[in-house]
>>> print(open('start-v4.cif').read())   # mmCIF, C-alpha atoms and all ligand atoms
data_upload
#
loop_
_atom_site.group_PDB
_atom_site.id
_atom_site.type_symbol
_atom_site.label_atom_id
_atom_site.label_comp_id
_atom_site.auth_asym_id
_atom_site.auth_seq_id
_atom_site.Cartn_x
_atom_site.Cartn_y
_atom_site.Cartn_z
ATOM 1 C CA MET F 96 15.001 15.073 -6.883
ATOM 2 C CA THR F 97 13.481 14.993 -10.352
ATOM 3 C CA VAL F 98 9.720 14.586 -10.727
ATOM 4 C CA TYR F 99 7.956 13.408 -13.882
ATOM 5 C CA ILE F 100 4.751 15.230 -14.808
ATOM 6 C CA ASP F 101 3.073 14.445 -18.127
ATOM 7 C CA GLY F 102 6.209 13.657 -20.059
ATOM 8 C CA ARG F 103 8.449 16.363 -18.592
ATOM 9 C CA PHE F 104 10.902 16.404 -15.726
ATOM 10 C CA TYR F 105 10.946 19.060 -13.011
ATOM 11 C CA GLU F 106 13.050 19.704 -9.937
ATOM 12 C CA LYS F 107 11.117 18.950 -6.744
ATOM 13 C CA GLU F 108 10.568 22.656 -5.968
ATOM 14 C CA GLU F 109 9.223 23.297 -9.466
ATOM 15 C CA ALA F 110 7.036 20.194 -9.692
ATOM 16 C CA MET F 111 3.479 21.531 -9.568
ATOM 17 C CA ILE F 112 0.041 20.751 -10.890
ATOM 18 C CA SER F 113 -3.047 22.890 -11.445
ATOM 19 C CA VAL F 114 -5.431 23.650 -8.593
ATOM 20 C CA TYR F 115 -8.146 22.734 -11.130
ATOM 21 C CA ASP F 116 -6.893 19.166 -11.360
ATOM 22 C CA HIS F 117 -9.739 16.942 -10.155
ATOM 23 C CA GLY F 118 -7.178 14.898 -8.249
ATOM 24 C CA VAL F 119 -6.795 17.951 -5.993
ATOM 25 C CA LEU F 120 -10.419 19.104 -6.100
ATOM 26 C CA TYR F 121 -12.100 15.730 -5.557
ATOM 27 C CA GLY F 122 -9.442 13.090 -4.903
ATOM 28 C CA ASP F 123 -10.332 11.801 -8.351
ATOM 29 C CA GLY F 124 -7.511 9.526 -9.415
ATOM 30 C CA VAL F 125 -5.518 6.406 -8.627
ATOM 31 C CA PHE F 126 -2.001 5.719 -7.432
ATOM 32 C CA GLU F 127 0.657 3.156 -6.693
ATOM 33 C CA GLY F 128 3.492 2.981 -4.182
ATOM 34 C CA ILE F 129 6.432 0.910 -5.394
ATOM 35 C CA ARG F 130 9.832 0.055 -3.868
ATOM 36 C CA ILE F 131 13.276 0.179 -5.415
ATOM 37 C CA TYR F 132 15.618 -2.372 -3.847
ATOM 38 C CA ASN F 133 19.211 -2.700 -4.935
ATOM 39 C CA SER F 134 18.602 -0.604 -8.094
ATOM 40 C CA ARG F 135 15.758 -2.907 -9.095
ATOM 41 C CA ILE F 136 12.073 -2.111 -9.066
ATOM 42 C CA PHE F 137 10.150 -4.602 -6.983
ATOM 43 C CA ARG F 138 7.256 -6.242 -8.857
ATOM 44 C CA LEU F 139 6.738 -3.259 -11.174
ATOM 45 C CA GLN F 140 4.578 -5.238 -13.566
ATOM 46 C CA ASP F 141 2.149 -6.192 -10.774
ATOM 47 C CA HIS F 142 1.929 -2.578 -9.635
ATOM 48 C CA LEU F 143 1.229 -1.417 -13.188
ATOM 49 C CA VAL F 144 -1.499 -4.021 -13.638
ATOM 50 C CA ARG F 145 -3.130 -2.894 -10.380
ATOM 51 C CA LEU F 146 -2.859 0.770 -11.415
ATOM 52 C CA TYR F 147 -4.481 0.142 -14.786
ATOM 53 C CA ASP F 148 -7.178 -2.037 -13.196
ATOM 54 C CA SER F 149 -7.945 0.698 -10.643
ATOM 55 C CA ALA F 150 -8.111 3.295 -13.449
ATOM 56 C CA HIS F 151 -10.337 1.065 -15.567
ATOM 57 C CA ALA F 152 -12.705 0.523 -12.645
ATOM 58 C CA ILE F 153 -13.225 4.288 -12.224
ATOM 59 C CA MET F 154 -13.407 4.892 -16.012
ATOM 60 C CA LEU F 155 -10.178 6.836 -16.055
ATOM 61 C CA THR F 156 -8.213 6.548 -19.280
ATOM 62 C CA VAL F 157 -4.501 6.434 -18.531
ATOM 63 C CA PRO F 158 -2.887 8.575 -21.239
ATOM 64 C CA LEU F 159 0.080 6.189 -21.639
ATOM 65 C CA SER F 160 0.221 2.570 -22.697
ATOM 66 C CA MET F 161 1.490 0.246 -19.984
ATOM 67 C CA GLU F 162 4.785 -0.129 -21.884
ATOM 68 C CA ASP F 163 5.261 3.640 -22.079
ATOM 69 C CA MET F 164 4.370 3.960 -18.395
ATOM 70 C CA GLU F 165 7.001 1.361 -17.547
ATOM 71 C CA GLN F 166 9.569 3.325 -19.577
ATOM 72 C CA ALA F 167 8.582 6.578 -17.850
ATOM 73 C CA VAL F 168 9.029 4.937 -14.434
ATOM 74 C CA LEU F 169 12.413 3.460 -15.386
ATOM 75 C CA GLU F 170 13.584 6.788 -16.769
ATOM 76 C CA THR F 171 12.509 8.711 -13.663
ATOM 77 C CA VAL F 172 14.241 6.203 -11.396
ATOM 78 C CA ALA F 173 17.415 6.366 -13.535
ATOM 79 C CA LEU F 174 17.432 10.187 -13.492
ATOM 80 C CA ASN F 175 17.159 10.153 -9.707
ATOM 81 C CA ARG F 176 20.000 7.611 -9.417
ATOM 82 C CA LYS F 177 18.244 5.782 -6.592
ATOM 83 C CA LYS F 178 19.590 2.415 -5.424
ATOM 84 C CA ASN F 179 16.982 2.047 -2.731
ATOM 85 C CA GLY F 180 13.867 4.125 -2.527
ATOM 86 C CA TYR F 181 10.237 4.555 -3.239
ATOM 87 C CA ILE F 182 8.204 5.447 -6.302
ATOM 88 C CA ARG F 183 4.867 7.215 -6.018
ATOM 89 C CA LEU F 184 2.990 6.916 -9.279
ATOM 90 C CA LEU F 185 -0.256 8.883 -9.642
ATOM 91 C CA VAL F 186 -2.807 9.237 -12.366
ATOM 92 C CA THR F 187 -5.243 12.077 -11.715
ATOM 93 C CA ARG F 188 -8.393 12.850 -13.681
ATOM 94 C CA GLY F 189 -6.606 15.987 -14.887
ATOM 95 C CA VAL F 190 -7.550 19.638 -15.219
ATOM 96 C CA GLY F 191 -11.278 20.373 -15.497
ATOM 97 C CA ASP F 192 -13.980 22.807 -14.489
ATOM 98 C CA LEU F 193 -15.303 23.177 -10.963
ATOM 99 C CA GLY F 194 -17.963 20.531 -10.354
ATOM 100 C CA ILE F 195 -17.275 16.831 -10.123
ATOM 101 C CA ASN F 196 -18.173 16.035 -13.727
ATOM 102 C CA PRO F 197 -15.145 14.044 -14.917
ATOM 103 C CA LEU F 198 -16.100 14.733 -18.539
ATOM 104 C CA SER F 199 -14.848 18.298 -18.083
ATOM 105 C CA CYS F 200 -11.326 16.888 -17.700
ATOM 106 C CA ARG F 201 -9.854 16.447 -21.138
ATOM 107 C CA ARG F 202 -6.763 14.460 -20.270
ATOM 108 C CA ALA F 203 -5.588 12.545 -17.230
ATOM 109 C CA SER F 204 -2.250 13.572 -15.694
ATOM 110 C CA VAL F 205 0.591 11.239 -14.793
ATOM 111 C CA ILE F 206 2.967 12.076 -11.956
ATOM 112 C CA ILE F 207 5.989 9.998 -10.934
ATOM 113 C CA ILE F 208 7.857 10.876 -7.746
ATOM 114 C CA VAL F 209 11.006 9.034 -6.689
ATOM 115 C CA ASP F 210 11.924 9.574 -3.055
ATOM 116 C CA ASP F 211 12.453 7.750 0.232
ATOM 117 C CA ILE F 212 9.786 6.408 2.555
ATOM 118 C CA GLN F 213 9.947 5.319 6.180
ATOM 119 C CA LEU F 214 6.434 4.645 7.477
ATOM 120 C CA TYR F 215 7.465 3.470 10.949
ATOM 121 C CA PRO F 216 10.598 4.264 12.950
ATOM 122 C CA ARG F 217 13.259 1.536 12.516
ATOM 123 C CA GLU F 218 13.182 0.377 16.174
ATOM 124 C CA TYR F 219 9.596 -0.906 15.821
ATOM 125 C CA TYR F 220 10.708 -3.529 13.315
ATOM 126 C CA ASP F 221 12.597 -5.150 16.221
ATOM 127 C CA LYS F 222 10.164 -4.585 19.056
ATOM 128 C CA GLY F 223 6.835 -4.590 17.199
ATOM 129 C CA ILE F 224 3.981 -2.088 17.263
ATOM 130 C CA LYS F 225 0.788 -1.776 19.250
ATOM 131 C CA ILE F 226 -2.403 -1.276 17.285
ATOM 132 C CA ILE F 227 -6.039 -0.559 18.060
ATOM 133 C CA THR F 228 -9.265 -1.314 16.239
ATOM 134 C CA ALA F 229 -10.557 1.872 14.602
ATOM 135 C CA SER F 230 -14.195 2.870 14.777
ATOM 136 C CA SER F 231 -13.982 4.068 11.135
ATOM 137 C CA ARG F 232 -14.951 1.128 8.977
ATOM 138 C CA ARG F 233 -13.363 0.214 5.675
ATOM 139 C CA ILE F 234 -15.539 1.551 2.856
ATOM 140 C CA SER F 235 -17.571 -1.363 1.562
ATOM 141 C CA SER F 236 -17.316 -2.641 -1.974
ATOM 142 C CA ASP F 237 -20.834 -1.499 -2.827
ATOM 143 C CA SER F 238 -19.655 2.097 -2.225
ATOM 144 C CA LEU F 239 -16.067 2.067 -3.462
ATOM 145 C CA ASP F 240 -14.348 -1.269 -3.915
ATOM 146 C CA PRO F 241 -11.302 -1.346 -1.591
ATOM 147 C CA ARG F 242 -9.332 -3.013 -4.379
ATOM 148 C CA ILE F 243 -9.367 0.326 -6.197
ATOM 149 C CA LYS F 244 -6.257 2.158 -5.003
ATOM 150 C CA SER F 245 -7.805 5.591 -5.303
ATOM 151 C CA LEU F 246 -6.695 9.009 -4.115
ATOM 152 C CA ASN F 247 -9.485 8.873 -1.500
ATOM 153 C CA TYR F 248 -7.976 7.758 1.806
ATOM 154 C CA LEU F 249 -10.101 9.789 4.195
ATOM 155 C CA ASN F 250 -11.612 6.895 6.098
ATOM 156 C CA ASN F 251 -8.150 5.383 6.478
ATOM 157 C CA ILE F 252 -6.796 8.775 7.560
ATOM 158 C CA LEU F 253 -9.515 9.020 10.227
ATOM 159 C CA ALA F 254 -8.536 5.561 11.448
ATOM 160 C CA LYS F 255 -4.888 6.662 11.548
ATOM 161 C CA ILE F 256 -5.860 9.689 13.648
ATOM 162 C CA GLU F 257 -7.698 7.382 16.059
ATOM 163 C CA ALA F 258 -4.560 5.263 16.339
ATOM 164 C CA GLN F 259 -2.436 8.303 17.077
ATOM 165 C CA GLN F 260 -4.889 9.559 19.679
ATOM 166 C CA ALA F 261 -4.634 6.167 21.374
ATOM 167 C CA GLY F 262 -0.834 6.429 21.342
ATOM 168 C CA CYS F 263 -0.468 3.795 18.611
ATOM 169 C CA LEU F 264 1.171 3.860 15.203
ATOM 170 C CA GLU F 265 -1.507 1.947 13.341
ATOM 171 C CA ALA F 266 -5.157 0.887 13.476
ATOM 172 C CA VAL F 267 -6.914 -2.161 12.141
ATOM 173 C CA MET F 268 -10.126 -1.504 10.239
ATOM 174 C CA LEU F 269 -13.207 -3.721 10.191
ATOM 175 C CA ASN F 270 -15.567 -4.046 7.284
ATOM 176 C CA ARG F 271 -19.236 -3.181 7.654
ATOM 177 C CA GLN F 272 -20.047 -6.708 8.860
ATOM 178 C CA GLY F 273 -17.410 -6.498 11.580
ATOM 179 C CA PHE F 274 -14.783 -8.735 9.974
ATOM 180 C CA ILE F 275 -11.149 -7.691 9.924
ATOM 181 C CA ALA F 276 -10.312 -5.951 6.622
ATOM 182 C CA GLU F 277 -6.831 -4.434 6.880
ATOM 183 C CA CYS F 278 -4.905 -1.585 8.474
ATOM 184 C CA THR F 279 -4.811 1.979 7.161
ATOM 185 C CA GLY F 280 -2.059 1.344 4.626
ATOM 186 C CA ASP F 281 -1.107 -2.279 5.182
ATOM 187 C CA ASN F 282 -2.596 -5.748 5.015
ATOM 188 C CA ILE F 283 -2.811 -7.767 8.227
ATOM 189 C CA PHE F 284 -1.746 -11.352 8.962
ATOM 190 C CA ILE F 285 -1.956 -13.602 11.977
ATOM 191 C CA VAL F 286 -0.223 -16.875 12.771
ATOM 192 C CA LYS F 287 -2.207 -19.420 14.781
ATOM 193 C CA GLN F 288 -0.806 -22.882 15.491
ATOM 194 C CA SER F 289 1.701 -22.413 12.659
ATOM 195 C CA VAL F 290 -1.002 -21.545 10.112
ATOM 196 C CA VAL F 291 -0.522 -18.172 8.415
ATOM 197 C CA LYS F 292 -3.887 -16.428 7.957
ATOM 198 C CA THR F 293 -4.949 -13.198 6.296
ATOM 199 C CA PRO F 294 -8.383 -11.827 5.392
ATOM 200 C CA SER F 295 -9.326 -12.657 1.816
ATOM 201 C CA ALA F 296 -9.942 -9.664 -0.466
ATOM 202 C CA PHE F 297 -13.656 -10.406 -0.142
ATOM 203 C CA PHE F 298 -13.555 -8.946 3.387
ATOM 204 C CA GLY F 299 -12.564 -5.490 2.157
ATOM 205 C CA SER F 300 -8.833 -5.247 1.713
ATOM 206 C CA LEU F 301 -6.583 -4.086 -1.056
ATOM 207 C CA GLY F 302 -4.987 -6.913 -3.026
ATOM 208 C CA GLY F 303 -1.589 -6.096 -1.539
ATOM 209 C CA ILE F 304 1.513 -6.998 -3.514
ATOM 210 C CA THR F 305 3.560 -7.417 -0.333
ATOM 211 C CA ARG F 306 0.747 -9.621 1.018
ATOM 212 C CA ASP F 307 1.005 -11.758 -2.096
ATOM 213 C CA THR F 308 4.804 -11.945 -1.780
ATOM 214 C CA VAL F 309 4.508 -12.992 1.870
ATOM 215 C CA LEU F 310 1.958 -15.710 1.066
ATOM 216 C CA GLY F 311 4.452 -17.030 -1.508
ATOM 217 C CA LEU F 312 7.322 -16.952 0.973
ATOM 218 C CA ALA F 313 5.261 -18.695 3.662
ATOM 219 C CA GLY F 314 4.360 -21.396 1.126
ATOM 220 C CA GLN F 315 8.031 -21.870 0.264
ATOM 221 C CA ARG F 316 8.742 -22.356 3.971
ATOM 222 C CA GLY F 317 6.158 -25.141 3.991
ATOM 223 C CA LEU F 318 3.787 -23.156 6.183
ATOM 224 C CA ALA F 319 0.062 -23.662 5.673
ATOM 225 C CA CYS F 320 -1.631 -20.432 4.522
ATOM 226 C CA MET F 321 -5.305 -19.463 4.599
ATOM 227 C CA GLU F 322 -7.097 -16.501 3.058
ATOM 228 C CA THR F 323 -10.154 -16.428 5.236
ATOM 229 C CA GLY F 324 -12.501 -14.416 7.428
ATOM 230 C CA LEU F 325 -11.045 -13.118 10.684
ATOM 231 C CA THR F 326 -12.660 -11.383 13.642
ATOM 232 C CA GLN F 327 -11.220 -9.347 16.503
ATOM 233 C CA TYR F 328 -11.257 -12.530 18.596
ATOM 234 C CA ASP F 329 -8.927 -14.165 16.065
ATOM 235 C CA LEU F 330 -6.519 -11.248 16.401
ATOM 236 C CA TYR F 331 -6.630 -11.196 20.196
ATOM 237 C CA THR F 332 -5.975 -14.937 20.452
ATOM 238 C CA ALA F 333 -3.363 -15.175 17.681
ATOM 239 C CA ASP F 334 0.126 -16.498 18.396
ATOM 240 C CA GLU F 335 1.619 -13.823 16.152
ATOM 241 C CA CYS F 336 0.461 -10.852 14.123
ATOM 242 C CA PHE F 337 2.182 -8.707 11.492
ATOM 243 C CA LEU F 338 1.394 -6.131 8.829
ATOM 244 C CA THR F 339 2.559 -6.007 5.221
ATOM 245 C CA GLY F 340 2.769 -3.187 2.697
ATOM 246 C CA THR F 341 5.112 -1.552 0.231
ATOM 247 C CA GLY F 342 5.753 1.287 2.651
ATOM 248 C CA ALA F 343 5.729 -0.790 5.847
ATOM 249 C CA GLU F 344 7.333 -3.950 4.383
ATOM 250 C CA ILE F 345 6.724 -6.469 7.212
ATOM 251 C CA ILE F 346 6.237 -5.075 10.711
ATOM 252 C CA PRO F 347 5.395 -7.185 13.787
ATOM 253 C CA VAL F 348 2.327 -6.362 15.907
ATOM 254 C CA VAL F 349 2.660 -7.187 19.604
ATOM 255 C CA SER F 350 -0.581 -5.800 21.018
ATOM 256 C CA VAL F 351 -4.121 -5.260 19.743
ATOM 257 C CA ASP F 352 -6.619 -3.188 21.761
ATOM 258 C CA GLY F 353 -4.478 -3.647 24.865
ATOM 259 C CA ARG F 354 -4.269 -7.454 24.525
ATOM 260 C CA ALA F 355 -0.754 -8.859 24.167
ATOM 261 C CA ILE F 356 -0.382 -11.032 21.083
ATOM 262 C CA GLY F 357 1.305 -14.345 21.893
ATOM 263 C CA THR F 358 4.304 -13.663 24.115
ATOM 264 C CA GLY F 359 3.980 -9.914 23.557
ATOM 265 C CA ASN F 360 7.120 -10.000 21.403
ATOM 266 C CA PRO F 361 7.568 -10.393 17.636
ATOM 267 C CA GLY F 362 6.886 -14.047 16.769
ATOM 268 C CA GLU F 363 9.274 -16.590 15.274
ATOM 269 C CA VAL F 364 7.318 -17.075 12.028
ATOM 270 C CA THR F 365 7.115 -13.298 11.625
ATOM 271 C CA LYS F 366 10.877 -12.995 12.045
ATOM 272 C CA VAL F 367 11.569 -15.741 9.517
ATOM 273 C CA LEU F 368 9.251 -14.108 6.985
ATOM 274 C CA MET F 369 10.891 -10.712 7.599
ATOM 275 C CA ARG F 370 14.300 -12.234 6.805
ATOM 276 C CA ASP F 371 12.975 -14.064 3.744
ATOM 277 C CA PHE F 372 11.328 -10.882 2.525
ATOM 278 C CA THR F 373 14.515 -8.831 2.854
ATOM 279 C CA GLU F 374 16.380 -11.460 0.878
ATOM 280 C CA LYS F 375 13.733 -11.713 -1.820
ATOM 281 C CA ALA F 376 13.363 -7.948 -2.164
ATOM 282 C CA SER F 377 17.038 -7.464 -2.920
ATOM 283 C CA SER F 378 17.229 -10.335 -5.398
ATOM 284 C CA GLU F 379 13.969 -10.158 -7.329
ATOM 285 C CA PHE F 380 13.738 -8.289 -10.622
ATOM 286 C CA ILE F 381 10.463 -6.748 -11.826
HETATM 287 N N1 LIG E 401 -3.960 -1.728 2.111
HETATM 288 C C1 LIG E 401 -3.986 -0.406 1.847
HETATM 289 C C2 LIG E 401 -5.213 0.368 2.160
HETATM 290 C C3 LIG E 401 -2.882 0.205 1.252
HETATM 291 O O1 LIG E 401 -2.912 1.518 0.977
HETATM 292 C C4 LIG E 401 -1.711 -1.916 1.303
HETATM 293 C C5 LIG E 401 -2.865 -2.473 1.846
HETATM 294 C C6 LIG E 401 -0.551 -2.794 0.997
HETATM 295 O O2 LIG E 401 -0.443 -3.038 -0.401
HETATM 296 P P1 LIG E 401 0.969 -3.267 -1.101
HETATM 297 O O3 LIG E 401 0.650 -3.581 -2.517
HETATM 298 O O4 LIG E 401 1.749 -1.990 -0.966
HETATM 299 O O5 LIG E 401 1.608 -4.400 -0.408
HETATM 300 C C7 LIG E 401 -1.718 -0.556 0.981
HETATM 301 C C8 LIG E 401 -0.516 0.093 0.380
HETATM 302 C C9 LIG E 401 1.938 5.428 2.160
HETATM 303 C C10 LIG E 401 1.965 4.106 1.487
HETATM 304 O O6 LIG E 401 2.514 6.369 1.632
HETATM 305 C C11 LIG E 401 0.870 3.268 1.589
HETATM 306 C C12 LIG E 401 0.883 2.047 0.918
HETATM 307 C C13 LIG E 401 1.979 1.654 0.219
HETATM 308 C C14 LIG E 401 3.070 2.495 0.114
HETATM 309 C C15 LIG E 401 3.074 3.743 0.758
HETATM 310 O O7 LIG E 401 1.303 5.538 3.217
HETATM 311 N N2 LIG E 401 -0.249 1.303 1.038
#
>>> encode(input="start-v4.cif", output="structure tokens")
Amino acid sequence: MTVYIDGRFYEKEEAMISVYDHGVLYGDGVFEGIRIYNSRIFRLQDHLVRLYDSAHAIMLTVPLSMEDMEQAVLETVALNRKKNGYIRLLVTRGVGDLGINPLSCRRASVIIIVDDIQLYPREYYDKGIKIITASSRRISSDSLDPRIKSLNYLNNILAKIEAQQAGCLEAVMLNRQGFIAECTGDNIFIVKQSVVKTPSAFFGSLGGITRDTVLGLAGQRGLACMETGLTQYDLYTADECFLTGTGAEIIPVVSVDGRAIGTGNPGEVTKVLMRDFTEKASSEFI
């Protein structure tokens, strides 16, 4: 495994950054998770735009142009000879003094890891997962806009711990007003009377690239789609539910807070979208 750090390549064991990097000290930075399918990078341009938007929002100057970043990603993937895999791209505030002042960091650092990722065991893609509602709320946009994909995931991590303590693999998070936002690392969808619904970004979710792909696929299938407000009641009474994310891809949800969703098995629309997604992922280029 070869890791890119600031223009150089290191073997995994040698790939290290300073303990004075504000990414380590304060979680000060942004990141992307990107898939490689069939030797092709899935929607790289969209991931780069989101990365640069996140950086811009936190006043972090990415030390590479977007074109050079794209080249660095392509080179790292090529060096790792990965046909299918996962890219973790990070931009940290860089090395600075102790104290949160970002001005003490002279130059942001860029890290590119190419590896594998399996967020949920394979069997759950067939049988679906059970989720709970977490008591940790999604951070609201007046504190830290959830569209910023920052290195701060603590509230999501706390929600994940709650899920694990309840014997579940994932938790759904509400926003401060009590509307459904998303899960800890995935967007959430329901299907009700053949309409595909997902919370709009306004309700506190990341603008997921898999979410966007799935909305496109559902449209191509002639399914009505709505980006809307959803409550726990909408989840409990849905015909189907599934999660989307670069790591998760599409995973069916069969129970929420102990209530079976629909028949208690992965739904038909979910299964169609999972098949369409697999096909699209292996055929789409950048
Ligand atoms: N919401 C949150 C909070 C996320 O972190 C998504 C939604 C889905 O977005 P995309 O663009 O990926 O469809 C994410 C993405 C990991 C991991 O290592 C997490 C994500 C993606 C890849 C890996 O846990 N989360």
>>> axis_aligned_box(input="start-v4.cif", around="range 99-102 of chain F", padding_each_side="8 Å", output="lines of an AutoDock Vina configuration file")
center_x = 5.5
center_y = 14.3
center_z = -17.0
size_x = 20.9
size_y = 17.8
size_z = 22.2
>>> residues_near_ligand(input="start-v4.cif", ligand="ligand LIG 401 (chain E)", cutoff="7 Å", atoms="all atoms listed in the file", output="list in words")
Gly128, Ile129, Leu214, Lys244, Glu277, Cys278, Thr279, Gly280, Asp281, Asn282, Ser300, Leu301, Gly302, Gly303, Ile304, Thr305, Arg306, Thr339, Gly340, Thr341 and Gly342 of chain F
>>> residues_around(input="start-v4.cif", residues="Ala254 in chain F", least_positions_apart="2", cutoff="8 Å", atoms="only C-alpha atoms", output="list in words")
Ala229, Ser230, Ser231, Asn250, Asn251, Ile252, Ile256, Glu257, Ala258, Ala266, Val267, Met268 and Thr279 of chain F
>>> write_last_selection(input="start-v4.cif", atoms="C-alpha atoms", output="PDB file, in the coordinates of the input")
ATOM      1  CA  ALA F 229     -10.557   1.872  14.602  1.00  0.00           C
ATOM      2  CA  SER F 230     -14.195   2.870  14.777  1.00  0.00           C
ATOM      3  CA  SER F 231     -13.982   4.068  11.135  1.00  0.00           C
ATOM      4  CA  ASN F 250     -11.612   6.895   6.098  1.00  0.00           C
ATOM      5  CA  ASN F 251      -8.150   5.383   6.478  1.00  0.00           C
ATOM      6  CA  ILE F 252      -6.796   8.775   7.560  1.00  0.00           C
ATOM      7  CA  ILE F 256      -5.860   9.689  13.648  1.00  0.00           C
ATOM      8  CA  GLU F 257      -7.698   7.382  16.059  1.00  0.00           C
ATOM      9  CA  ALA F 258      -4.560   5.263  16.339  1.00  0.00           C
ATOM     10  CA  ALA F 266      -5.157   0.887  13.476  1.00  0.00           C
ATOM     11  CA  VAL F 267      -6.914  -2.161  12.141  1.00  0.00           C
ATOM     12  CA  MET F 268     -10.126  -1.504  10.239  1.00  0.00           C
ATOM     13  CA  THR F 279      -4.811   1.979   7.161  1.00  0.00           C
TER      14      THR F 279
END
>>> resolve_selection(input="start-v4.cif", expression="the PyMOL selection byres (((chain F and resi 376) around 12) and not hetatm)", output="JSON, numbers by chain")
{"F": [129, 130, 131, 132, 133, 134, 135, 136, 137, 138, 179, 304, 305, 308, 309, 312, 341, 344, 345, 368, 369, 370, 371, 372, 373, 374, 375, 377, 378, 379, 380, 381]}
>>> closest_residue(input="start-v4.cif", among="F:Asp101, F:Asp237, F:Glu335, F:Glu109", to="Ile207 in chain F", atoms="only C-alpha atoms")
F:Asp101
>>> residues_around(input="start-v4.cif", residues="Asp352 in chain F", least_positions_apart="3", cutoff="9 Å", atoms="only C-alpha atoms", output="number ranges by chain")
F: 225-228, 331, 355
>>> residues_near_point(input="start-v4.cif", point="(-0.7, -24.8, 11.2)", cutoff="10 Å", atoms="all atoms listed in the file", output="PyMOL selection string")
chain F and resi 286-292+317-321
>>> residues_around(input="start-v4.cif", residues="Val348 in chain F", least_positions_apart="6", cutoff="9 Å", atoms="only C-alpha atoms", output="PyMOL selection string")
chain F and resi 222-226+335-338+356+359-362
>>> atom_distance(input="start-v4.cif", atom1="CA of Arg271 in chain F", atom2="CA of Ile285 in chain F")
20.6 Å
>>> resolve_selection(input="start-v4.cif", expression="the PyMOL selection byres (((chain F and resi 146) around 8) and not hetatm)", output="PyMOL selection string")
chain F and resi 125-127+142-145+147-150+244
>>> atom_distance(input="start-v4.cif", atom1="CA of Glu322 in chain F", atom2="CA of Arg232 in chain F")
20.2 Å
>>> closest_residue(input="start-v4.cif", among="F:Ser113, F:Ala333, F:Leu249, F:Gly353", to="Gly262 in chain F", atoms="all atoms listed in the file")
F:Gly353
>>> closest_residue(input="start-v4.cif", among="F:Asn175, F:Gln166, F:Ser236, F:Thr326", to="Phe104 in chain F", atoms="all atoms listed in the file")
F:Asn175
>>> closest_residue(input="start-v4.cif", among="F:Gln315, F:Ser235, F:Ser245, F:Ser160", to="Thr187 in chain F", atoms="only C-alpha atoms")
F:Ser245
>>> decode(input="start-v4.cif", residues="range 157-166 of chain F", atoms="N, CA, C and O atoms", output="PDB file, in the first residue's frame")
ATOM      1  N   VAL F 157      -6.560  24.822   0.186  1.00  0.00           N
ATOM      2  CA  VAL F 157      -5.993  23.551  -0.281  1.00  0.00           C
ATOM      3  C   VAL F 157      -4.729  23.889  -1.078  1.00  0.00           C
ATOM      4  O   VAL F 157      -4.776  24.727  -1.977  1.00  0.00           O
ATOM      5  N   PRO F 158      -3.602  23.263  -0.736  1.00  0.00           N
ATOM      6  CA  PRO F 158      -2.343  23.685  -1.370  1.00  0.00           C
ATOM      7  C   PRO F 158      -2.174  23.218  -2.816  1.00  0.00           C
ATOM      8  O   PRO F 158      -1.144  23.493  -3.419  1.00  0.00           O
ATOM      9  N   LEU F 159      -3.153  22.520  -3.362  1.00  0.00           N
ATOM     10  CA  LEU F 159      -3.086  22.071  -4.762  1.00  0.00           C
ATOM     11  C   LEU F 159      -4.295  22.605  -5.515  1.00  0.00           C
ATOM     12  O   LEU F 159      -5.381  22.721  -4.944  1.00  0.00           O
ATOM     13  N   SER F 160      -4.099  22.877  -6.798  1.00  0.00           N
ATOM     14  CA  SER F 160      -5.259  23.218  -7.625  1.00  0.00           C
ATOM     15  C   SER F 160      -6.096  21.946  -7.771  1.00  0.00           C
ATOM     16  O   SER F 160      -5.600  20.833  -7.541  1.00  0.00           O
ATOM     17  N   MET F 161      -7.343  22.103  -8.187  1.00  0.00           N
ATOM     18  CA  MET F 161      -8.196  20.922  -8.315  1.00  0.00           C
ATOM     19  C   MET F 161      -7.635  19.970  -9.371  1.00  0.00           C
ATOM     20  O   MET F 161      -7.713  18.753  -9.217  1.00  0.00           O
ATOM     21  N   GLU F 162      -7.026  20.519 -10.417  1.00  0.00           N
ATOM     22  CA  GLU F 162      -6.447  19.678 -11.477  1.00  0.00           C
ATOM     23  C   GLU F 162      -5.270  18.870 -10.918  1.00  0.00           C
ATOM     24  O   GLU F 162      -5.137  17.676 -11.177  1.00  0.00           O
ATOM     25  N   ASP F 163      -4.426  19.546 -10.130  1.00  0.00           N
ATOM     26  CA  ASP F 163      -3.276  18.828  -9.555  1.00  0.00           C
ATOM     27  C   ASP F 163      -3.740  17.780  -8.540  1.00  0.00           C
ATOM     28  O   ASP F 163      -3.137  16.712  -8.409  1.00  0.00           O
ATOM     29  N   MET F 164      -4.807  18.102  -7.819  1.00  0.00           N
ATOM     30  CA  MET F 164      -5.348  17.131  -6.854  1.00  0.00           C
ATOM     31  C   MET F 164      -5.858  15.896  -7.605  1.00  0.00           C
ATOM     32  O   MET F 164      -5.618  14.758  -7.195  1.00  0.00           O
ATOM     33  N   GLU F 165      -6.531  16.139  -8.707  1.00  0.00           N
ATOM     34  CA  GLU F 165      -7.052  15.021  -9.507  1.00  0.00           C
ATOM     35  C   GLU F 165      -5.879  14.142  -9.974  1.00  0.00           C
ATOM     36  O   GLU F 165      -5.944  12.908  -9.865  1.00  0.00           O
ATOM     37  N   GLN F 166      -4.815  14.783 -10.432  1.00  0.00           N
ATOM     38  CA  GLN F 166      -3.635  14.031 -10.890  1.00  0.00           C
ATOM     39  C   GLN F 166      -3.030  13.226  -9.743  1.00  0.00           C
ATOM     40  O   GLN F 166      -2.638  12.070  -9.918  1.00  0.00           O
TER      41      GLN F 166
END
